[in-house]
Amino acid sequence: MRSQRSILPLNAARRSVRAAVAAPISGPASTSSAPVRKDERGFVLKEDGSYDLSAPPPFGLSDIREAIPKQCWEKNGFKSMAYLAADVAIVTGLAAGAFALNQWWAWPLYWVAQGTMFWALFVVGHDCGHQSFSNNRHLNDLVGNITHSSILVPYHGWRISHRTHHGNHGHVENDESWHPVTKSMFDKLEKWTKLGRLSFPWSLFAYPFYLWKRSPGKEGSHYDPDCDLFQPSEKNMVLTSDAFMIGMLGLLAACTAKLGVAAMFNLYFVPYWVFVVWLDTVTYLHHHGPEDAGMKMPWYRGEEWSYLRGGLTTLDRDYGIFNKIHHNIETHVVHHLFPQIPHYNLVEATEAAKKVMGPYYREPVKSAGPLPVHLIEPLKRSLTEDQFVADEGDIVYYQKA
């Protein structure tokens with residue numbers, strides 16, 4: 001069962017959603033008194049006949065919830081443990097095989113494969129953070145601390161900031177992680193911050209630095225229990241995850257002393273950075289860069305923002321052969337709205353929910369082959385063009401300097 005702390009923001013969001021849906025729908029950027037055009041289902045249309053996806057939708061969060069089959073909400077701890085066991089077995093097998101083979105040509109293959117599996121382990125811990133791994137919170141937090149510390153992620157520090165992200169996504173000031181900077185803030189950023197945060201490919205290595213220093217405009221660290229991310233009652237949780245991290249660093253030091261620097265460089269260090277690239281790429285693409293280059297994703301302020309409207313600005317993607325490997329993280333829209341749904345039920349839940357969402361669900365382009373190379377273009381385009389938003393305005397879009 002989720003904690004009361006995680007339920008309260010969602011309840012508040014639902015009230016905001018109901019108010020937004022009940023209110024008259026008006027054009028987001030228009031000052032004209034002309035009547036708003038809608039299609040037969042109530043979706044707002046622009047002057048050119050396309051859908052205005054920045055406008056409040058003609059459905060509520062409860063409508064999507066009711067469309068999702070009941071079985072999709074059921075958590076199965078044994079099934080989740082089975083997925084985890086499979087991941088651990090693959091990670092162990094890859095490391096043992098590569099170490100025994102120890103051939104120059106095999107190491108690059110190992111780096112990519114193991115880094116991908118580290119990313120899969122992160123997704124398991126991610127489910128634990130949302131309490132969708134099982135119905136037992138203590139089990140979820142134990143598994144989350146173990147899986148995340150094994151890849152140098154502070155479980156509770158990340159879990160709490162990620163909860164903030166889910167509860168505030170789409171809000172210019174209140175979102176966490178990949179939130180936009182304003183024009184005035186962008187102009188003040190140091191050269192190296194712009195390079196590391198807003199340029200390809202350097203942004204794909206940002207995650208460890210985000211954990212340590214957070215995003216531009218945010219203060220504190222995921223390792224600091226006194227950071228404003230955390231409530232006083234969460235201090236011991238943050239310290240617990242810090243202790244797990246220290247234990248993992250000690251284990252890595254012992255393995256390095258036993259196996260040597262070169263072996264650990266190949267076995268762990270390079271796969272770790274492959275994992276970081278996976279994490280930054282996937283999380284960025286779920287919130288930026290529609291595959292339609294002419295489409296822009298809205299960001300909100302003030303009364304224009306709601307939990308529902310913010311969640312509807314997220315994107316599903318198709319990752320080819322990796323969809324199942326990384327536990328259906330590609331089904332991001334429904335996950336963002338209802339993070340309590342287990343990953344193995346997200347595909348079915350998405351198929352049901354998108355019938356309600358209509359044009360607000362942006363159907364992902366399917367990968368033409370096993371590797372999702374089609375995502376390179378929107379990734380590079382967005383990192384190049386999506387640099388800041390206006391300092392004022394309740395509905396804003398990314399701009400380029």
# chains A, B, ... in the order shown; residues from 1 in each chain; ligands from 1

call {"tool": "residues_around", "arguments": {"residues": "A:Val88", "least_positions_apart": "4", "cutoff": "10 Å", "atoms": "only C-alpha atoms", "output": "NGL selection string"}}
result
:A and (82-84 or 92-94 or 117-118 or 120-121 or 147)

call {"tool": "write_last_selection", "arguments": {"atoms": "N, CA and C atoms", "output": "tab-separated table (two decimals), in the first residue's frame"}}
result
chain	number	residue	atom	x	y	z
A	82	ALA	N	10.43	-12.62	-9.91
A	82	ALA	CA	10.90	-13.45	-11.02
A	82	ALA	C	11.62	-12.60	-12.06
A	83	TYR	N	11.06	-11.43	-12.36
A	83	TYR	CA	11.73	-10.53	-13.30
A	83	TYR	C	13.08	-10.08	-12.74
A	84	LEU	N	13.12	-9.78	-11.45
A	84	LEU	CA	14.37	-9.38	-10.82
A	84	LEU	C	15.39	-10.50	-10.86
A	92	THR	N	24.93	-11.47	-13.79
A	92	THR	CA	25.98	-12.35	-13.27
A	92	THR	C	26.62	-13.17	-14.39
A	93	GLY	N	25.78	-13.71	-15.27
A	93	GLY	CA	26.29	-14.52	-16.37
A	93	GLY	C	27.14	-13.72	-17.33
A	94	LEU	N	26.72	-12.50	-17.65
A	94	LEU	CA	27.50	-11.66	-18.54
A	94	LEU	C	28.87	-11.34	-17.95
A	117	MET	N	21.61	-4.00	-19.05
A	117	MET	CA	21.05	-4.73	-17.92
A	117	MET	C	21.11	-3.91	-16.62
A	118	PHE	N	22.12	-3.08	-16.47
A	118	PHE	CA	22.13	-2.16	-15.33
A	118	PHE	C	20.91	-1.24	-15.41
A	120	ALA	N	18.07	-2.04	-16.78
A	120	ALA	CA	16.93	-2.88	-16.39
A	120	ALA	C	16.82	-2.97	-14.88
A	121	LEU	N	17.96	-3.10	-14.19
A	121	LEU	CA	17.94	-3.12	-12.72
A	121	LEU	C	17.41	-1.81	-12.16
A	147	THR	N	18.98	-2.87	-5.42
A	147	THR	CA	19.16	-2.73	-6.87
A	147	THR	C	19.76	-1.38	-7.22

call {"tool": "residues_around", "arguments": {"residues": "A:Val276", "least_positions_apart": "3", "cutoff": "12 Å", "atoms": "only C-alpha atoms", "output": "PyMOL selection string"}}
result
chain A and resi 112+114-120+122+151-153+202-211+269-273+279-284

call {"tool": "select_by_dssp", "arguments": {"residues": "stretch 223-374 of chain A", "states": "alpha helix (DSSP H)", "output": "VMD selection string"}}
result
chain A and resid 235 to 259 261 to 264 270 to 285 307 to 311 322 to 325 332 to 337 346 to 357

call {"tool": "closest_residue", "arguments": {"among": "A:Asp39, A:Asp63, A:Glu47, A:Glu291", "to": "A:Lys354", "atoms": "only C-alpha atoms"}}
result
A:Asp63

call {"tool": "closest_residue", "arguments": {"among": "A:Gly167, A:Gly77, A:Gly369, A:Gly125", "to": "A:Pro154", "atoms": "only C-alpha atoms"}}
result
A:Gly125

call {"tool": "closest_residue", "arguments": {"among": "A:Arg163, A:Arg137, A:Arg65, A:Arg309", "to": "A:Met297", "atoms": "only C-alpha atoms"}}
result
A:Arg309
